[in-house]
Every structure is written in structure tokens, then in C-alpha cells.
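Comments concern the structure below.
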Amino acid sequence: MKTPNFKLFPLFWLLMVCLSSLAQAGNKVDSLQNVLKNMPSDTLKAKTYGLLVWYYARYSIDTEIEKKHIDSSMVLSKALDFHKGVAYAHLRYGNLDKRLGNYQQAIHHIDSALQYYTTIGDSTRVADGLFDLAAIHRSSGNYEKSLSYYLRVLDISEMEGNPISLASTLTSIGLLNRLLKQYDQAISNYQKALRILDSVGSSKRMLTSLNGLGTVYMEIGEYDTAKSHFLKLLNITREQKYEREMGYQLANLGNLEIQLGNPGKALEYHLQALQVREKLPRKADLALSLADVGNTYLQLGNHSRSRQYLAKGLVLAREIPSKPLIRDLYKMLADLSLSEHNYKEAYHYRTLYEEAKDSILNADVNKQFQELQVKYETEKKDQRITLLAQEKQLQEKEIQRQATLKNVFIGGAILTVLLASLLWYTFRQRLKNQRTIAAKDQEIKEVNFRRQLSELEMKALQAQINPHFIFNCMNSINQMIKNGKNQNASKYLTMFSKLIRSILENAEDTEVSLKDELATLKAYIQLEALRFKEDVNFKMDIQDSIDLENTYLPSMVLQPFVENAIWHGLRHKKVATDGKISIAIRKEKEQLLCLIEDNGVGRQKAFELQEKSILKRKSLGVKITEDRLRLLSKELQKQLVRITDLKDPTGTALGTRVEVSIPIS
């Protein structure tokens, strides 16, 4: 076995720096290839081939030359018995075959690399291999297996603190969520990835996450938002000459135009995407574009063109193979045959489509079973390790006990030591008891102090609400006076003064009656309706068994939630007079359950409108109120405020419901 020459390692790292500089400048690697000819160490030469492979893969220069460099690296590494070089060559073979669509070969090479990297504990290389395996299984339609690999990569990325790997994995999981129509989870994962990439300044990698968001918007029917997304990304990819990403955006725009019923415009985009992808070594992307073009010709009624492209796409999809794409192409060919009144062929392709669909479902069931079995075996192994550890501890304790017994019989002198130890132990226990009593006294003092502190904090929080509300009202009066609406300002000021008087009277006490609280709340709603020139229809449904005068609760505890309903929900409705607020109060044990519902635009729409607004209204009332309730509640961990977005079956916002649990006395 020929051992590596460690004295040459500095030269190796120098070559890495040079190659990085070449990559950034966009130059060719001819100079590095010339260096290879005069390389003094075969091991270093094998590593340098690995660097060249990385460069060609990173910048998609030429897959044929890339493969030749991998072959050279593999031959040299095997001849030198250089295991790390062999493993890296397998990893690069796998990545290349993945891009070329040779999935079975890719899996074989990656598995070979993972066996070595797992053995030596190289978690970074393990993550690289698992990421490629996840992408392969995703393209093949094995979504659950793909997710299991992505989750393992996620764990490694978090453990190593690698933000780029973490963001890329979250983006890929978002794509899986989208394929499974888990749109909320997809958006969440894309946004997490974007936040991470923005923090590290990786603008190019953000394109993939932004593309995923645009695709989600298209699939959930937000076509304007999706189109704006895709056009912006297309301009960026054209300016930066990101060929692969450009193909994605053109294909996305084509699919969007199909959704909008513009097959002619869609064909222009899909043909451009096909032209871009024909120059790239990615069979899966090329097969997808062939299917898109064929399907678009079908929409336009050009059956001969449609069959031509769909047939090419099917050949390529089978070669990869990609089960989801094969399934979709069978369906397209069935629709094409049906349009041509070729019912026999249509039946044939429809049968193949159903079989392909069922095979994917059956594969998912098998994967679930296998994963459960793996989890079960892993748990058994963990239990066995735990039992062995416990047995080892028991054995060590038994050895210690026997040693202690042996020492007891050494001599009579031990007896004297034991008696002295007993006396010392008794004395120490007495001191310990005294310290315990003193500690308990101190703990009681601390509890009393915390209780008094909580009362002071509650009063402080209560004091923050009134200035917040007063500021809003006084600002409205000021605006009416400036606008010359003196009569409205006078009416508003009269009602406002009565409300302020009620608030100030209630502020003298820690708690107020439910009757007074509801009267104050009703006056507040009337004031808000007057201020915005809108009729706010509201109703109150109070449980008959509740004694309004003898039920006490913190003052102004419901007002912040009603304020949010008016400001963020009803105020943005197109027909303002349709605004409704309902307040229902029920008694459950030692608390009141208050339900506040509005038929406003919903939190998401309100947030979007607020972001566009020049006036950024920042409401602290809800947070302060929740903190007050938490100080009063005995169950400190209980969720006291629950907010629910009301939507119809199509996902359209119908308003907001707030549930508030209020401790009462």
C-alpha cells in the first residue's frame, strides 16, 4: 500500500484556493489540468481530480469531461488503496447520475460512498449523500422515503450548525409538502429557508425557495401573486445567466398560463423552457418540458404535435425512471387518444395510468411498513443498550459492596471509626435540619414577595391600557376638529367623557362587575362606530345563570380584542355597513369563557393591508391583557387566549374568533 505524502498537503490546499478563485472569476481550469501532468504525488493527483470533478459539477461545464475526471480519480484511488478517494469518486458518480436521470446507478454509487463515510464518522459527506438520495426518491415518487432522508440531513445540518445545508433541506421539504398539497407547511418551510439564506447573504440559493413559494401560490389559486413572483425570478435568472433556474421559471409561467386558460401563451413559455433544458444534462427536467409542450399542444388541438412530444417524454421518463411523470404522461396520452376518438388506445393508456397510480400508492404502503419495522428494531436496540448499561451499574455496585464488607472485617479499629462517624453524622443531620427550617422560612418570605410583586405588575399592566385607548380617542377628536366636523367632534367628546369617567371609576378597584364592564364595552363600540362613520352591528349573548352585578373580573379586559376586531377586521371590509361583532359569555367553574367573533377580512388580509399602509398601527393591548390574565390565573401554563381564523370550504376568510378565559371571583 502506498501511503499519502503528508508533506504535500499544503500544496493540495493551495490548489483548492486557486480553484476557488478560478470558479469565482469564471475562468477555465486549463492551468490546473496542466499542473496535474507534473504532480509529484499520485495521492495528491487523485485529490486534485476530485477538485476538478467538483468544479465541473458546480458550474455544469461538461458532463463528459466530468465523468472522465471521476474515472481518473477512481482508477488512481483504487491503485493506491486510497479509500477516501474511492468513496469520494462514488459520491461524485452518484451526483452525476442523479443529474443525468440514471437513478438506479446513482443509488448504487451513493450507497457505496455512505458505507465508508458512516464508518469513519464524516457527517458532512453523509449529509451530501443522503441529500442526493432524498432528491432521487422524490423524483421517483417515493415521497415518504425522500422525507426520511431529508429529516436525517436536517438533523446533521442543525448539529453541525451549517445554515446553507439547513436552508436547502428546508426548501426541499417544502417541495415535498407542495407535492402532497400540504400548502401551509410548504409556505412555512420556504419562509424559514428564506430567513436563513437572507441572514447569510446567499442570494442565488434564495431563488429556489422563492420559486417554491410562487408555485404554491399558483396551486392555491393566487395567480396574480404567482405570476409576479415568476416574472421577477425570470428577469433575475436571465440577468445572472442561471440556465437551470431560468428553465424552471419559464415552465412555471407556462403552467400558470394553462391555469388561466391561455394555451397559446403557455406554449411560448414551454418551448422556451424546452430550448433551455435541451442544453443541460438533466433528463428529469427535459422529460418534464417534453410533457408540458405535448400537453399544451393537446390543449390547442394540435394532436400530431402533441403525440410527438408526449412520446419523447414517455421514453425519457421510463429511462430515468420517474413514476409520477410516467403516470402523468399516461393520462395525457389517454386524453389525446380520446380527443382523436381512438377509444381502444385511450382505454389502453387509461389502464396504464391507473396501474401506475396504484403502484405508487402500494409502494407508499410498503415504505410505511418498512419504516415502522426499522423504528421498532431501533427501539429494541436502544432498550437492549439501556439494560446492558443498567446491568453494568449493578455489577459495579456489587463490587463496591463486597469491597466495603471486606474492609469492615479488617479489625476492631474500624468499629471505633464507625461509632465516631455515627456521632458526626447525627451532629451534621441536626445542622442540616436547622438549615432546612431556615430555608423554608426564606422560601415563605420569597413567596409572599412574589405575590406582592405580581399584584404590582398587574396594576402596572392595567395602567398601560388606559393611556393606549385614550390616545386613540383623542387623536380621532383632533382629526374631526381639523376636518371641520365640530358637531361630530362635540358628540364624540361627550360620549368619550362618559366613557373615560367610567374607566377612571373602575380603575380605582382591581376588579369591576361584569355589568359595568359590558356597559363600558358597549359605549366603546358605539364610539368606534361614530369615529369611522360605520354602523357596527353587535350583539351580546350572556348566559342566564351569570349574576352580572356579583360577577367580578379585571377592568377593560375585553376591550383590546373588540378593538382588534374593528381596526384590523371590520375597517377593511369593502361594504363597511356589513360589519358584525358578536360577544358570548359563559361560566365554566371558576372562570368566564368569552367568545368574540367578527366577520372582518381575517388576520392574513389585515396584515397585508397594514404592511402596505403608511400608518403602521402597532397594538399592544392584546399582549398586555394576556399577561394580566396570566398573573391572575392559577394554571400558569394554560392557554388563556385562543385566536381562530374563520374560513369557508374554499379557504376564503370569513372573520376571526377569539376565545378568552378570565379568572373570576
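Ordering of the C-alpha cells sets the chain letters (A, B, ...), residue numbers begin anew at 1 in every chain, and ligands are numbered from 1 in the order given.
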
List as a PyMOL selection string the protein and nucleic acid residues near Lys241 in chain A, meaning an atom at most 12 Å away when only C-alpha atoms are counted, but skip any in the same chain fewer than 5 places from it.
chain A and resi 59+204+233-236+246-247+276

My list of candidates is A:Asp128, A:Glu626, A:Asp122, A:Glu398. Which is closest to Ser661 in chain A when distances are computed with only C-alpha atoms?
A:Glu626

I'd like the contact shell of Ile173 in chain A - 10 Å cut-off, only C-alpha atoms, skipping same-chain residues fewer than 3 positions apart - returned as a VMD selection string.
chain A and resid 134 138 143 146 to 147 150 to 151 154 167 to 170 176 to 179 185 to 186 189 to 190

Selected residues, N, CA and C atoms, written as a short mmCIF file (atom, residue, chain, number, x, y, z; two decimals), in the first residue's frame, please.
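Just written: again_26.cif:
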```cif
data_model
loop_
_atom_site.label_atom_id
_atom_site.label_comp_id
_atom_site.auth_asym_id
_atom_site.auth_seq_id
_atom_site.Cartn_x
_atom_site.Cartn_y
_atom_site.Cartn_z
N ALA A 134 -32.38 11.59 -1.20
CA ALA A 134 -33.72 12.17 -0.99
C ALA A 134 -34.26 12.77 -2.28
N ARG A 138 -37.56 11.51 -4.32
CA ARG A 138 -38.63 12.49 -4.57
C ARG A 138 -39.02 12.49 -6.04
N TYR A 143 -42.23 9.55 -1.88
CA TYR A 143 -42.18 10.77 -1.08
C TYR A 143 -41.84 10.51 0.39
N SER A 146 -38.20 9.78 0.69
CA SER A 146 -37.48 11.04 0.46
C SER A 146 -37.49 11.89 1.72
N LEU A 147 -38.66 12.01 2.36
CA LEU A 147 -38.77 12.82 3.58
C LEU A 147 -37.88 12.27 4.69
N TYR A 150 -34.41 13.47 4.04
CA TYR A 150 -34.28 14.91 4.29
C TYR A 150 -34.24 15.21 5.80
N LEU A 151 -35.03 14.49 6.57
CA LEU A 151 -35.05 14.72 8.02
C LEU A 151 -33.71 14.36 8.65
N LEU A 154 -31.45 17.14 7.88
CA LEU A 154 -31.80 18.27 8.74
C LEU A 154 -31.14 18.14 10.11
N ALA A 167 -30.96 25.43 5.15
CA ALA A 167 -31.92 26.12 4.29
C ALA A 167 -32.27 25.29 3.06
N SER A 168 -31.26 24.66 2.44
CA SER A 168 -31.51 23.84 1.25
C SER A 168 -32.42 22.67 1.58
N THR A 169 -32.22 22.08 2.76
CA THR A 169 -33.05 20.94 3.16
C THR A 169 -34.48 21.38 3.45
N LEU A 170 -34.65 22.52 4.11
CA LEU A 170 -35.99 23.05 4.37
C LEU A 170 -36.72 23.35 3.06
N LEU A 176 -41.62 18.83 -1.09
CA LEU A 176 -42.39 17.61 -0.78
C LEU A 176 -43.77 17.97 -0.25
N ASN A 177 -43.83 18.95 0.66
CA ASN A 177 -45.13 19.39 1.18
C ASN A 177 -46.05 19.85 0.06
N ARG A 178 -45.48 20.58 -0.91
CA ARG A 178 -46.29 21.07 -2.03
C ARG A 178 -46.80 19.91 -2.88
N LEU A 179 -45.94 18.94 -3.14
CA LEU A 179 -46.36 17.79 -3.94
C LEU A 179 -47.48 17.02 -3.26
N GLN A 185 -47.75 23.99 5.36
CA GLN A 185 -46.42 23.53 5.78
C GLN A 185 -45.37 23.91 4.74
N ALA A 186 -45.75 23.84 3.46
CA ALA A 186 -44.80 24.21 2.40
C ALA A 186 -44.39 25.68 2.54
N ASN A 189 -42.02 26.18 5.52
CA ASN A 189 -40.65 25.72 5.30
C ASN A 189 -39.90 26.64 4.33
N TYR A 190 -40.59 27.11 3.27
CA TYR A 190 -39.94 28.03 2.34
C TYR A 190 -39.55 29.32 3.05
#
```

Atom pair CA of Leu333 in chain A + CA of Arg244 in chain A, distance 27.3 Å

Using only C-alpha atoms, which residue out of A:Arg603, A:Gln543, A:Met332, A:Leu527 lies closest to Glu588 in chain A?
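Of A:Arg603, A:Gln543, A:Met332, A:Leu527, the one nearest Glu588 in chain A, counting only C-alpha atoms, is A:Gln543.
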
Tell me which protein, DNA and RNA residues are within 12 Å of Gly214 in chain A, counting only C-alpha atoms, leaving out same-chain ones fewer than 2 positions away, and put them as an NGL selection string.
:A and (175 or 178 or 183 or 186-187 or 190-191 or 207-212 or 216-234 or 248-249 or 252-253 or 255-256)

For the residues in the current selection, export C-alpha atoms as a compact mmCIF listing (two decimals), in the first residue's frame.
```txt
# COMPACT_ATOMS: atom_id res chain seq x y z
CA LEU A 175 -41.27 20.97 -2.22
CA ARG A 178 -46.29 21.07 -2.03
CA TYR A 183 -49.57 24.09 1.37
CA ALA A 186 -44.80 24.21 2.40
CA ILE A 187 -45.07 28.00 2.84
CA TYR A 190 -39.94 28.03 2.34
CA GLN A 191 -40.15 31.11 4.58
CA LEU A 207 -34.16 31.73 -5.91
CA THR A 208 -35.13 28.09 -5.31
CA SER A 209 -37.14 28.95 -2.20
CA LEU A 210 -38.82 31.91 -3.91
CA ASN A 211 -39.66 29.67 -6.87
CA GLY A 212 -41.29 27.20 -4.49
CA VAL A 216 -47.59 27.23 -4.08
CA TYR A 217 -49.41 30.49 -4.84
CA MET A 218 -50.23 29.16 -8.31
CA GLU A 219 -51.59 25.87 -6.98
CA ILE A 220 -53.80 27.56 -4.36
CA GLY A 221 -55.25 29.89 -7.00
CA GLU A 222 -53.44 33.15 -6.17
CA TYR A 223 -52.49 33.62 -9.82
CA ASP A 224 -51.56 37.32 -9.77
CA THR A 225 -49.15 36.82 -6.88
CA ALA A 226 -47.66 33.73 -8.53
CA LYS A 227 -47.18 35.47 -11.89
CA SER A 228 -45.49 38.46 -10.28
CA HIS A 229 -43.18 36.02 -8.45
CA PHE A 230 -42.25 34.08 -11.60
CA LEU A 231 -41.65 37.14 -13.82
CA LYS A 232 -39.39 38.71 -11.20
CA LEU A 233 -37.39 35.50 -10.85
CA LEU A 234 -37.18 35.07 -14.64
CA TYR A 248 -37.89 26.47 -14.01
CA GLN A 249 -39.38 29.96 -14.29
CA ASN A 252 -43.82 27.78 -14.22
CA LEU A 253 -45.11 30.65 -16.35
CA ASN A 255 -48.18 26.13 -16.36
CA LEU A 256 -49.69 29.34 -14.97
```

Skipping near chain neighbours, those fewer than 6 positions away, what residues fall within 7 Å of Ile581 in chain A using only C-alpha atoms, listed as a VMD selection string?
chain A and resid 537 to 539 597 to 598
